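Q: Dropping a structure here in structure tokens format, bear with me for questions.
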Amino acid sequence: MNSKALTKVDLIFESIDAREVLTTAFSMPNEKIIDQVLESGLRGRGGAGFPTGMKWKFTAAEKDPEKYIVCNADEGEPGTFKDREILDRVVYKVYGGMAIAGKAIGAKKGFIYLRGEYRFLLPQLYLELHKFHKMIAEIGYDFNIEYRMGSGAYICGEESALFESIEGFRGEPRNKPPYPTTSGLFCKPTSINNVETLVTAMMIIAKGPQEYVKLGTKDSRGSKVFSVSGDTPVPGIYELELGMTVQQFVDEFGDGDTKAVQVGGASGFCVPRKKFEETIIGFEGVPTGGSMKLFNSSRSMYNVLHNYLDFFAEESCGQCTPCRVGCQQLLKGVEKVKKGEAKSTYLNELVKLADTMKVASKCGLGQSVGNAFKSIVENFREEIIY
Amino acid sequence: MYQTGKMVKDLADKYGRTRESLMPILQDIVKKHNYLTDEAMVEVATELDISAAEVYGTASFYTFLDTEERGKNVIRVCKTITCSMKGKIDIISTLEEILKIKVGETTPDKMFTLLETNCIGWCHKAPAMLINDMPYTDLTPESVIDIIKGYMRK
Amino acid sequence: MVTLKINDQEVKVAKGTTVLDAAKKLGIVIPTLCNHPDLCVAGNCRVCVVEQTGARTLVAACAMPVAEGMDIHTNTLKVRNARKHIVELLLSEHRADCTKCYKNQKCELQTLANEYSFGEHIFLDLVEDHDYLIDRSSPAFIKDDSKCIRCQRCVRTCAQLQHVSAIAVANKGSRMKISSFHDRPMSHVVCTNCGQCVNRCPTGALTEKTYIDHVWDAIYDPDMHVVVQTAPAVRVALGEDLGYDPGERVTGKMVTALRQLGFDSVLDTDFTADLTIIEEGTELLTRLKKVLVENDHSMALPMFTSCSPGWIKFIEHKYPHMLANLSTCKSPQQMFGALAKTFYAQKRNLDPAKVVSVSIMPCTAKKYEADRPEMRSSGYKDIDYVLTTRELAVMIKQAGIDFRTIEPSHYDSIMGVSTGAGVIFGATGGVMEAALRTAYEIVTGKPVPFKNLNIMPVRGMEGVKEATIKIEGTTEEWRFLEGAELKVAIAHGLVNANKIAKAVSTGKASYHFIEIMACPGGCLGGGGQPIPTNAAVRQKRMEAIYAEDMHMDIRKSHENPEIKAIYEEFLEKPNGHKSHELLHTHYIERESY
């Protein structure tokens, strides 16, 4: 079992001289920037975990002169609040990361899609943006960033739904292929990256990929910002090296009575106490965009499951059958089982439905509903039934 | 109800008249009035040369672009799991008591609307709520009463 | 070209082909629901999911473009389980009252259930959780949300084919639905009643409002004299609902069947189509004279045709400032209705109060047109009931008529004789061609200079057609048109109507006369025609219409002896006082939403 000890890291929130880093980056050949990011092994920090270097490489290879960098700041996964902290404290590094990404792929324009619930941050974000634009103009680099606001739709965190929203439509995910790197925002080649990914990329360019490779594991390179909440004496934001076990995490953040840890929010996995030791937090185990929720033995896992299903039934875009109807069926189904109006064996049918949703839904939302459902039902079956 | 006057035309002048302009225009109307009247939606449709049903269909997708009448202060209490665990239910009942309305309703003087919403990203300081754009965290029944009284004084 | 394997069979297709279409080449059927040949790809129902080796999830065949070396399997256990679940999920949010439903046996969801998911339902009924709306406000159609499976075909139709977008997708999650502007009744919004959405709805969520029982009641009532008129496009499509292939001309059988149903007189809308040509042709020439000779711009040019009620409602909502450009002529249906209770009643010595006028139309908007308050020129409701082609097929089956074996027969007289010019009204370009055949001859004394009178430039399925007819050798009365180039345009489908209307509105068009049909293909593609509809079917119907024209004895409206008779005996002259009273109408400015 390759696991690291729980190590706190200070990379994301570390102060750097942005001007210096950007001046260096802008003089680097585009391929070198991409190579460094590839070498670092950085994978998307929003939850999906696509290798960032690959994403930039694909977009760079597109011939269309009109390309975009989009920063996904629609942080909406329940239990995730780390991007807000990043925007609050080091937004200049988000802008810097976007500019570097723009250089790498050949985009002159960047958009930040900020969730409506974070609108109160705008005044200070604009202040920093103004400074940023001034600075890169002085360095002599042509790159412009604009904000686009969300208005209360979790699904707009999905990349193609996000594009639809910016374009003025309902946030309904698109058919893929084509993928965003070929046809994204305004149907142009687009690299869409999470807030934390962009900051990490800038730090990799600032310090060199080797520093980053020292952290984490083979499959989960580097460190990550986690947002910890629930039954914990120390809720908050923590930057940790990837690759620790859930047990190590619980030892640090639990309240001594942790029954389960939900890794990755409502669309993530529920790890029961018996699996703490064997489960790694990272892409080789349970991946996460940062959301870590701890539940102690006083909590009803039925309530947790019901809460998540209610969330999905509301936030699904409603477009595709497996998700729109499946979420409602799962929700109503567990209610009926709990009330004794349906046999407990009905849960087995719902688990099969969750499997169908996983393979037949149009986008990641529907595909992920089954994660939480199955992991809670399989590990806490008695709590769902009785 | 509010009169749109020149508002929509001015917003269209500011943001343009393409489909891309739809969200910023609707968002600015909501920022000012907290919801979209039918009249406003029809005017937006005319300015952008799209159908009123399209405007309504797009607006109704987004939780914060309300097409039903809302009060001057829209309270959205988070109901997702952590806030739920940390006492959202007491916050709701306190609000229902002090405002004398139920969740989903608006006070007769149109000052407050009480709604529930999904995770707003303050789980480490749960329970939390938004009043218009402003987040309020680490809520207790007492702190909620203070906050509301503050709004009532305005 | 791309080579891929489907079910271990190799197939070579062009780049950009979908897996669904590639499978069709191999004769492999993949079920679909949200997919429609007339519309862009949606990929939301997920019924067509198939397995792609190496992919993490199943893929939607309708939306997945082929790739070199792709390996697809359409009938694995994973696919079958998913398909079964998906059909059951759809059934769980669908109010299935099949035995009471108008779409019973013609419903695509029913077919899928029968093919992939018969047996006990596993999932819970979700219909009871929703407060479904059933909108019966329109006289033309019913929108029943409890049967909607949210494939969005109707939304795509209304947006892409018709450029109306009276309905859109609203809300999200479990509350997602197809809605009008803020859930207003369909009769209170910009909906044109064209019925194209009805033609493409896979279930009973959108159906025409039927008047079959009303018509039976009238037929059985011994006191009432029931006349029926049949539109040109009905006779080339009725067969499709009665066992024939598209493109079969069943005019004679249709007449016999109508007689056997019990109608007292079987007459032809084509007659009043001819009448429309005389009235409208005269109106056009009058406008040309007023504008070109007398410089009197109180009459507007270009002139738009006015026989398509879907188009009328469209322009009333979208371009209310251009109503003066519409011909004041009623549609053939409404002209017929007004005459049925005046001229016809008089000639047959009938009390007009006891005359019931029924029309068989390829159209749903005609139901709305018949209900328009101004359509009472006869002193009574000019048209009592409108039945779609589909409804007529139902009545024929109800009466136990074996359509295949009945002998053809001819229409009755007084408003039953028609010409080829009348029958081509059913195709896009037909009204224009009929008008030109008459107008040109009035002005020059000679037939139009086209072989067999077939004015090819105005025919065909292109969205917008333009033609210029040079007028040479005019008679004395029409000397002012000598050498003039009459510029005409034809559009079908409201998206194309909008293009022309917009051009006229912004002064960028220089036409004199424009034919507009709300439906793709013209009336032959109307909202009341047999389902399914697609480009190939409409093409076949079009060919049948022009074939019908070629087989008529008389091919020009002004040579119709019954037309000559009605002017001599009743109307006096075209655009005369009597005509204006009965055969012309006015329009209403409506809101934009």
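Labeling convention for the structure tokens: chains A, B, ... as they appear, residues from 1 per chain, ligands from 1 in order of appearance.
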Find the residues of chain C in contact range of chain B, meaning any atom within 10 Å when counting only C-alpha atoms, and list them as an MDAnalysis selection string.
A: chainID C and resid 155 159 163:173 175:184 189:190 591:593
Q: Pull C-alpha atoms from the residues just selected and write them as a PDB file, in the first residue's frame.
A:
```pdb
ATOM      1  CA  VAL C 155     -39.348  22.696 -29.421  1.00  0.00           C
ATOM      2  CA  ALA C 159     -37.631  26.920 -33.404  1.00  0.00           C
ATOM      3  CA  HIS C 163     -38.874  30.234 -36.379  1.00  0.00           C
ATOM      4  CA  VAL C 164     -41.761  30.818 -33.979  1.00  0.00           C
ATOM      5  CA  SER C 165     -40.538  29.284 -30.716  1.00  0.00           C
ATOM      6  CA  ALA C 166     -43.954  29.490 -29.123  1.00  0.00           C
ATOM      7  CA  ILE C 167     -42.811  26.688 -26.864  1.00  0.00           C
ATOM      8  CA  ALA C 168     -39.482  26.221 -25.153  1.00  0.00           C
ATOM      9  CA  VAL C 169     -37.919  24.032 -22.504  1.00  0.00           C
ATOM     10  CA  ALA C 170     -38.466  25.527 -19.061  1.00  0.00           C
ATOM     11  CA  ASN C 171     -37.231  24.871 -15.509  1.00  0.00           C
ATOM     12  CA  LYS C 172     -34.777  22.088 -14.737  1.00  0.00           C
ATOM     13  CA  GLY C 173     -34.514  18.784 -12.942  1.00  0.00           C
ATOM     14  CA  ARG C 175     -39.630  20.240 -12.916  1.00  0.00           C
ATOM     15  CA  MET C 176     -38.273  20.391 -16.458  1.00  0.00           C
ATOM     16  CA  LYS C 177     -41.082  20.690 -18.992  1.00  0.00           C
ATOM     17  CA  ILE C 178     -42.037  22.039 -22.385  1.00  0.00           C
ATOM     18  CA  SER C 179     -43.755  25.337 -21.817  1.00  0.00           C
ATOM     19  CA  SER C 180     -45.219  28.364 -23.552  1.00  0.00           C
ATOM     20  CA  PHE C 181     -44.231  31.827 -22.386  1.00  0.00           C
ATOM     21  CA  HIS C 182     -44.721  31.628 -18.622  1.00  0.00           C
ATOM     22  CA  ASP C 183     -47.194  28.756 -18.991  1.00  0.00           C
ATOM     23  CA  ARG C 184     -49.754  30.915 -20.746  1.00  0.00           C
ATOM     24  CA  VAL C 189     -49.364  33.302 -27.235  1.00  0.00           C
ATOM     25  CA  VAL C 190     -47.604  33.561 -30.563  1.00  0.00           C
ATOM     26  CA  GLU C 591     -48.831  41.099 -29.472  1.00  0.00           C
ATOM     27  CA  SER C 592     -45.304  39.887 -30.138  1.00  0.00           C
ATOM     28  CA  TYR C 593     -45.441  37.170 -27.481  1.00  0.00           C
TER      29      TYR C 593
END
```
Q: Quick one: residues within 9 Å of A:Gly106, only C-alpha atoms counted, chain neighbours fewer than 6 positions away excluded, as a ChimeraX atom specification?
A: /A:30,59-60,65-68
Q: Would you give me, as JSON lines, each residue of chain A having an atom within 8 Å of an atom of chain C, along with its shortest atom pair and that distance in Å to one decimal, using only C-alpha atoms and sorting by chain and residue number?
A:
```
{"residue": "A:Asn175", "atom": "CA", "partner": "C:Ala63", "partner_atom": "CA", "distance": 6.6}
{"residue": "A:Lys176", "atom": "CA", "partner": "C:Met64", "partner_atom": "CA", "distance": 7.5}
{"residue": "A:Pro177", "atom": "CA", "partner": "C:Met64", "partner_atom": "CA", "distance": 6.8}
{"residue": "A:Phe312", "atom": "CA", "partner": "C:Gly173", "partner_atom": "CA", "distance": 7.5}
{"residue": "A:Ala313", "atom": "CA", "partner": "C:Gly173", "partner_atom": "CA", "distance": 5.4}
{"residue": "A:Glu314", "atom": "CA", "partner": "C:Gly173", "partner_atom": "CA", "distance": 4.7}
{"residue": "A:Glu315", "atom": "CA", "partner": "C:Gly173", "partner_atom": "CA", "distance": 5.4}
{"residue": "A:Ser316", "atom": "CA", "partner": "C:Gly173", "partner_atom": "CA", "distance": 4.3}
{"residue": "A:Cys317", "atom": "CA", "partner": "C:Lys172", "partner_atom": "CA", "distance": 4.9}
{"residue": "A:Gly318", "atom": "CA", "partner": "C:Gly173", "partner_atom": "CA", "distance": 4.4}
{"residue": "A:Gln319", "atom": "CA", "partner": "C:Asn44", "partner_atom": "CA", "distance": 5.7}
{"residue": "A:Cys320", "atom": "CA", "partner": "C:Asn44", "partner_atom": "CA", "distance": 4.4}
{"residue": "A:Thr321", "atom": "CA", "partner": "C:Cys45", "partner_atom": "CA", "distance": 5.3}
{"residue": "A:Pro322", "atom": "CA", "partner": "C:Ile86", "partner_atom": "CA", "distance": 6.2}
{"residue": "A:Arg324", "atom": "CA", "partner": "C:Gly173", "partner_atom": "CA", "distance": 5.9}
{"residue": "A:Val325", "atom": "CA", "partner": "C:Leu89", "partner_atom": "CA", "distance": 6.0}
{"residue": "A:Gly326", "atom": "CA", "partner": "C:Leu89", "partner_atom": "CA", "distance": 6.9}
{"residue": "A:Gln328", "atom": "CA", "partner": "C:Ser174", "partner_atom": "CA", "distance": 6.8}
{"residue": "A:Gln329", "atom": "CA", "partner": "C:Leu124", "partner_atom": "CA", "distance": 6.7}
{"residue": "A:Lys332", "atom": "CA", "partner": "C:Leu124", "partner_atom": "CA", "distance": 7.7}
{"residue": "A:Gly333", "atom": "CA", "partner": "C:Leu124", "partner_atom": "CA", "distance": 7.3}
{"residue": "A:Glu349", "atom": "CA", "partner": "C:Ile122", "partner_atom": "CA", "distance": 7.7}
{"residue": "A:Leu353", "atom": "CA", "partner": "C:His85", "partner_atom": "CA", "distance": 7.0}
{"residue": "A:Thr356", "atom": "CA", "partner": "C:Ala82", "partner_atom": "CA", "distance": 5.4}
{"residue": "A:Lys358", "atom": "CA", "partner": "C:Thr57", "partner_atom": "CA", "distance": 7.3}
{"residue": "A:Val359", "atom": "CA", "partner": "C:Thr57", "partner_atom": "CA", "distance": 4.4}
{"residue": "A:Ala360", "atom": "CA", "partner": "C:Leu58", "partner_atom": "CA", "distance": 5.6}
{"residue": "A:Ser361", "atom": "CA", "partner": "C:Arg46", "partner_atom": "CA", "distance": 7.2}
{"residue": "A:Lys362", "atom": "CA", "partner": "C:Asn44", "partner_atom": "CA", "distance": 7.0}
```
Q: Calculate how many Å separate atom CA of A:Ala48 from atom CA of A:Ile376, rounding to one decimal.
A: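 That distance, rounded to one decimal, is 21.0 Å.
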Q: Output the contact residues of chain B with respect to chain A at a cut-off of 9 Å, based on only C-alpha atoms, as number ranges by chain.
A: B: 18-24, 27, 54, 57-65, 79-86, 117-126, 130, 133-135
